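Heads up: the structure comes next, in structure tokens.
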Amino acid sequence: MLDIKYIRDNTDLVKANTKNRKIDVDIDRMLMLDEQFRALETKIEELRFERNVASKTKPTPGIIERMKKVGDEVKLLEDEQLPLHEELKALLMQIPNLTHIDVKVSDDEDDNPVVEAFSKPTKFDFEVLDHVQLAQKLDLIEFDKATKVSGAKFYYLKNELALMEFALIGYALDILMKYGFIPFTTPDLAKREVLEGLGFNPRGESTQVYNIEGTDLSLIGTAEITLGGYHADEILDELELPKKYAAVSHCFRTEAGSYSKYSKGIFRVHQFTKIEMFVYCTPENAEGFHKELLNIEKEIFKGLDIPFRVVDHCTADLGGPSYRTFDLEAWMPGKPNKDGVMGDWAEITSTSNCTDYQARGLNMKYKTKDGKKDYLYTLNGTAIAITRAMIAILENYQQVDGTVLIPEVLHKFMPVKKIEVKVKK
RNA sequence: GGAGAGAUGGCUGAGCGGCUGAAAGCGCGUCCCUGCUAAGGACGUAAGGGUGAAAGCUCUUCGAGGGUUCGAAUCCCUCUCUCUCCGCCA
């Protein structure tokens, strides 16, 4: 969340930013609630002060009578204050983070400028198949069985593709270790307060989050949640920064309201495996680490030899906590573009600089040598999202003879170099 | 799942209705003495909020939430977590 004092002092700026982000929050109402809340707070404090003074010593019967009234009045005012505070907080949490000066202002969420294009789309001299067709021919994914067992948008990975999950994990972790990331596996469930503190909304109408009935737990949609909650309510020493973490986790998403979006095969699913990078650092280092995260993502996909480009999220497409977000989009030969022609770019990774927005939500600070305290900056980035990477590999590495080659960098992590049609036994 | 013990500041740990935002020790900081180390002394040292230009004044917080009371770290209820023992189990 943003600092409410900042919003008070920079109301016009915050309003404009919120509008650019296409978020509809009644900021005037929030400020009005804030003012009422503080006015009540002052009254309550005066009464409590009176009571505290009286309570220092044994009171006379007269004072006891007076204090009974004071107590009742405090209670009354508190009851009046509570709903104000709740609405205020709810509104405050809806206000998105500030936006990097270089981010394109646009109200079209597809209007993300391409900032770097590294390679040309893969060329084929035969008719390409999409990953669903390839997976079927090569017996790599089971959709029908998954539907039977778990429902739509679930899948079983099978044969070489099941092995490839572990190979991709091994490959990506090797690179992350090189950059000094501490490897983690984390819980797949997290508390509501953690999700909310990080700027995820587990209860809204179009929530992406699965909640566990009868608990305050949610299935995580990304390890950003468990890595971001890791230092909740802590004050870190500046000397131990940065903290660079990388976690392998399952990710669960309801995909509510995403029916119109491209969702063939394993592109948009309820569950997948992902390695997430997360960095805690000081404000002045955040931009540098954002670049580093992006560079690592690029290194991973350059190594896999997948054509990709980098886009810079426009204001309409930025998530609430993000100050700036870059995506890697891979070339997916089997994905139809908006004109219905086969082949399109599709998101495979995303890295965000969340400045102090998440740290304020979870009360995470750092302390300098001279004892100054301030909120940490947090950044996150996808090292590899397994299903999306698999689509890119299958579709870009398909051969004229119907086989799929395994990227060379994965060879040391897998016992096969080529995916072939299985002989039925 | 059953039985018991516990949860207090950066840490250890006292307090068990009012003078306790909290003894003592450790740690940390500033200064003094000594000055090669080691040791010694003085003072300071929780977080968050309101108000204020600031100094200051003030409120809240002793796992969380609720209750009793003029007054709660202290009493009552509920929950969460930790530890020990038993059971079960990958």
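A note on labels: chains of the structure tokens are A, B, ... as shown, every chain counts residues from 1, and ligands are counted from 1 in their shown order.
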inquiry  = Residues of chain A within 9 Å of chain B, counting only C-alpha atoms (C1' of nucleotides) - could you list those as a PyMOL selection string?
reply    = chain A and resi 38+41-42+44-46+48-49+51-52+54-61+63-68+71
DSSP strand (DSSP E) selection over stretch 155-392 of chain A, as a PyMOL selection string = chain A and resi 156-157+182-185+189-191+217-219+235-237+243-252+271-281+308-312+324-336+342-353+365-367+373-375+377-385
Could you pull out the residues in stretch 122-221 of chain A that DSSP calls alpha helix (DSSP H) from the backbone, as a PDB file with N, CA and C atoms, in the first residue's frame?
```pdb
ATOM      1  N   HIS A 131       1.318 -26.870 -29.597  1.00  0.00           N
ATOM      2  CA  HIS A 131       1.833 -27.768 -28.555  1.00  0.00           C
ATOM      3  C   HIS A 131       0.823 -28.841 -28.165  1.00  0.00           C
ATOM      4  N   VAL A 132      -0.459 -28.556 -28.359  1.00  0.00           N
ATOM      5  CA  VAL A 132      -1.463 -29.558 -28.016  1.00  0.00           C
ATOM      6  C   VAL A 132      -1.395 -30.732 -28.992  1.00  0.00           C
ATOM      7  N   GLN A 133      -1.260 -30.395 -30.256  1.00  0.00           N
ATOM      8  CA  GLN A 133      -1.141 -31.448 -31.270  1.00  0.00           C
ATOM      9  C   GLN A 133       0.147 -32.251 -31.090  1.00  0.00           C
ATOM     10  N   LEU A 134       1.222 -31.550 -30.839  1.00  0.00           N
ATOM     11  CA  LEU A 134       2.501 -32.226 -30.626  1.00  0.00           C
ATOM     12  C   LEU A 134       2.426 -33.159 -29.415  1.00  0.00           C
ATOM     13  N   ALA A 135       1.829 -32.631 -28.335  1.00  0.00           N
ATOM     14  CA  ALA A 135       1.748 -33.410 -27.101  1.00  0.00           C
ATOM     15  C   ALA A 135       0.906 -34.664 -27.313  1.00  0.00           C
ATOM     16  N   GLN A 136      -0.104 -34.534 -28.141  1.00  0.00           N
ATOM     17  CA  GLN A 136      -0.961 -35.685 -28.398  1.00  0.00           C
ATOM     18  C   GLN A 136      -0.215 -36.732 -29.229  1.00  0.00           C
ATOM     19  N   LYS A 137       0.441 -36.295 -30.284  1.00  0.00           N
ATOM     20  CA  LYS A 137       1.179 -37.226 -31.143  1.00  0.00           C
ATOM     21  C   LYS A 137       2.284 -37.947 -30.382  1.00  0.00           C
ATOM     22  N   ASP A 144      -7.719 -35.281 -20.928  1.00  0.00           N
ATOM     23  CA  ASP A 144      -8.986 -35.942 -20.584  1.00  0.00           C
ATOM     24  C   ASP A 144      -8.938 -36.564 -19.190  1.00  0.00           C
ATOM     25  N   LYS A 145      -7.829 -37.209 -18.901  1.00  0.00           N
ATOM     26  CA  LYS A 145      -7.696 -37.838 -17.582  1.00  0.00           C
ATOM     27  C   LYS A 145      -7.729 -36.766 -16.490  1.00  0.00           C
ATOM     28  N   ALA A 146      -7.049 -35.652 -16.758  1.00  0.00           N
ATOM     29  CA  ALA A 146      -6.988 -34.573 -15.767  1.00  0.00           C
ATOM     30  C   ALA A 146      -8.371 -33.967 -15.558  1.00  0.00           C
ATOM     31  N   THR A 147      -9.117 -33.846 -16.634  1.00  0.00           N
ATOM     32  CA  THR A 147     -10.479 -33.327 -16.513  1.00  0.00           C
ATOM     33  C   THR A 147     -11.313 -34.265 -15.652  1.00  0.00           C
ATOM     34  N   LYS A 148     -11.133 -35.575 -15.898  1.00  0.00           N
ATOM     35  CA  LYS A 148     -11.864 -36.570 -15.119  1.00  0.00           C
ATOM     36  C   LYS A 148     -11.520 -36.439 -13.634  1.00  0.00           C
ATOM     37  N   VAL A 149     -10.256 -36.295 -13.342  1.00  0.00           N
ATOM     38  CA  VAL A 149      -9.799 -36.322 -11.950  1.00  0.00           C
ATOM     39  C   VAL A 149      -9.939 -34.958 -11.272  1.00  0.00           C
ATOM     40  N   ASN A 159       5.785 -38.783 -19.697  1.00  0.00           N
ATOM     41  CA  ASN A 159       6.980 -39.148 -20.481  1.00  0.00           C
ATOM     42  C   ASN A 159       8.034 -38.032 -20.487  1.00  0.00           C
ATOM     43  N   GLU A 160       8.554 -37.681 -21.659  1.00  0.00           N
ATOM     44  CA  GLU A 160       9.658 -36.713 -21.718  1.00  0.00           C
ATOM     45  C   GLU A 160       9.280 -35.357 -21.103  1.00  0.00           C
ATOM     46  N   LEU A 161       8.005 -35.008 -21.201  1.00  0.00           N
ATOM     47  CA  LEU A 161       7.613 -33.701 -20.679  1.00  0.00           C
ATOM     48  C   LEU A 161       7.635 -33.684 -19.144  1.00  0.00           C
ATOM     49  N   ALA A 162       7.310 -34.827 -18.533  1.00  0.00           N
ATOM     50  CA  ALA A 162       7.415 -34.929 -17.079  1.00  0.00           C
ATOM     51  C   ALA A 162       8.878 -34.778 -16.667  1.00  0.00           C
ATOM     52  N   LEU A 163       9.756 -35.408 -17.428  1.00  0.00           N
ATOM     53  CA  LEU A 163      11.187 -35.277 -17.132  1.00  0.00           C
ATOM     54  C   LEU A 163      11.667 -33.855 -17.367  1.00  0.00           C
ATOM     55  N   MET A 164      11.084 -33.241 -18.384  1.00  0.00           N
ATOM     56  CA  MET A 164      11.549 -31.903 -18.745  1.00  0.00           C
ATOM     57  C   MET A 164      11.275 -30.898 -17.628  1.00  0.00           C
ATOM     58  N   GLU A 165      10.220 -31.118 -16.852  1.00  0.00           N
ATOM     59  CA  GLU A 165       9.955 -30.208 -15.740  1.00  0.00           C
ATOM     60  C   GLU A 165      11.169 -30.132 -14.822  1.00  0.00           C
ATOM     61  N   PHE A 166      11.699 -31.293 -14.486  1.00  0.00           N
ATOM     62  CA  PHE A 166      12.838 -31.316 -13.564  1.00  0.00           C
ATOM     63  C   PHE A 166      14.102 -30.791 -14.230  1.00  0.00           C
ATOM     64  N   ALA A 167      14.218 -31.041 -15.530  1.00  0.00           N
ATOM     65  CA  ALA A 167      15.382 -30.538 -16.262  1.00  0.00           C
ATOM     66  C   ALA A 167      15.376 -29.009 -16.294  1.00  0.00           C
ATOM     67  N   LEU A 168      14.200 -28.442 -16.544  1.00  0.00           N
ATOM     68  CA  LEU A 168      14.105 -26.981 -16.581  1.00  0.00           C
ATOM     69  C   LEU A 168      14.416 -26.387 -15.212  1.00  0.00           C
ATOM     70  N   ILE A 169      13.948 -27.074 -14.168  1.00  0.00           N
ATOM     71  CA  ILE A 169      14.234 -26.601 -12.813  1.00  0.00           C
ATOM     72  C   ILE A 169      15.734 -26.646 -12.552  1.00  0.00           C
ATOM     73  N   GLY A 170      16.345 -27.768 -12.914  1.00  0.00           N
ATOM     74  CA  GLY A 170      17.782 -27.907 -12.697  1.00  0.00           C
ATOM     75  C   GLY A 170      18.577 -26.859 -13.466  1.00  0.00           C
ATOM     76  N   TYR A 171      18.199 -26.667 -14.702  1.00  0.00           N
ATOM     77  CA  TYR A 171      18.874 -25.692 -15.566  1.00  0.00           C
ATOM     78  C   TYR A 171      18.763 -24.280 -14.993  1.00  0.00           C
ATOM     79  N   ALA A 172      17.541 -23.890 -14.622  1.00  0.00           N
ATOM     80  CA  ALA A 172      17.342 -22.525 -14.131  1.00  0.00           C
ATOM     81  C   ALA A 172      18.032 -22.313 -12.779  1.00  0.00           C
ATOM     82  N   LEU A 173      17.950 -23.310 -11.917  1.00  0.00           N
ATOM     83  CA  LEU A 173      18.589 -23.155 -10.602  1.00  0.00           C
ATOM     84  C   LEU A 173      20.094 -22.990 -10.734  1.00  0.00           C
ATOM     85  N   ASP A 174      20.694 -23.705 -11.655  1.00  0.00           N
ATOM     86  CA  ASP A 174      22.128 -23.559 -11.885  1.00  0.00           C
ATOM     87  C   ASP A 174      22.486 -22.107 -12.174  1.00  0.00           C
ATOM     88  N   ILE A 175      21.697 -21.500 -13.045  1.00  0.00           N
ATOM     89  CA  ILE A 175      21.961 -20.102 -13.397  1.00  0.00           C
ATOM     90  C   ILE A 175      21.736 -19.187 -12.191  1.00  0.00           C
ATOM     91  N   LEU A 176      20.664 -19.451 -11.452  1.00  0.00           N
ATOM     92  CA  LEU A 176      20.353 -18.591 -10.304  1.00  0.00           C
ATOM     93  C   LEU A 176      21.419 -18.693  -9.221  1.00  0.00           C
ATOM     94  N   MET A 177      21.947 -19.885  -9.027  1.00  0.00           N
ATOM     95  CA  MET A 177      22.997 -20.060  -8.024  1.00  0.00           C
ATOM     96  C   MET A 177      24.229 -19.231  -8.403  1.00  0.00           C
ATOM     97  N   LYS A 178      24.491 -19.188  -9.683  1.00  0.00           N
ATOM     98  CA  LYS A 178      25.619 -18.415 -10.204  1.00  0.00           C
ATOM     99  C   LYS A 178      25.484 -16.940  -9.809  1.00  0.00           C
ATOM    100  N   ARG A 192      -4.100 -15.150   4.507  1.00  0.00           N
ATOM    101  CA  ARG A 192      -4.753 -14.022   3.849  1.00  0.00           C
ATOM    102  C   ARG A 192      -3.999 -12.712   4.077  1.00  0.00           C
ATOM    103  N   GLU A 193      -3.551 -12.494   5.318  1.00  0.00           N
ATOM    104  CA  GLU A 193      -2.894 -11.223   5.628  1.00  0.00           C
ATOM    105  C   GLU A 193      -1.608 -11.042   4.819  1.00  0.00           C
ATOM    106  N   VAL A 194      -0.955 -12.147   4.491  1.00  0.00           N
ATOM    107  CA  VAL A 194       0.259 -12.053   3.689  1.00  0.00           C
ATOM    108  C   VAL A 194      -0.087 -11.665   2.251  1.00  0.00           C
ATOM    109  N   LEU A 195      -1.088 -12.351   1.703  1.00  0.00           N
ATOM    110  CA  LEU A 195      -1.524 -12.014   0.340  1.00  0.00           C
ATOM    111  C   LEU A 195      -1.911 -10.536   0.266  1.00  0.00           C
ATOM    112  N   GLU A 196      -2.687 -10.110   1.226  1.00  0.00           N
ATOM    113  CA  GLU A 196      -3.186  -8.731   1.200  1.00  0.00           C
ATOM    114  C   GLU A 196      -2.056  -7.727   1.383  1.00  0.00           C
ATOM    115  N   GLY A 197      -1.143  -8.050   2.283  1.00  0.00           N
ATOM    116  CA  GLY A 197      -0.027  -7.149   2.540  1.00  0.00           C
ATOM    117  C   GLY A 197       0.824  -6.937   1.291  1.00  0.00           C
TER     118      GLY A 197
END
```
ask   = Within 6 Å of stretch 405-419 of chain A, counting only C-alpha atoms (C1' of nucleotides), which residues qualify if same-chain residues fewer than 2 places away don't, as a PyMOL selection string?
value = chain A and resi 167+304+397+403
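Counting from atom CA of A:Ile7, the distance to atom CA of A:Leu40 is 20.0 Å.
Across the model, the gap from atom CA of A:Gly320 to atom CA of A:Thr18 is 9.5 Å.
Our summary of the geometry notes that atom CA of A:Ile4 is positioned 23.5 Å from atom CA of A:Val103.
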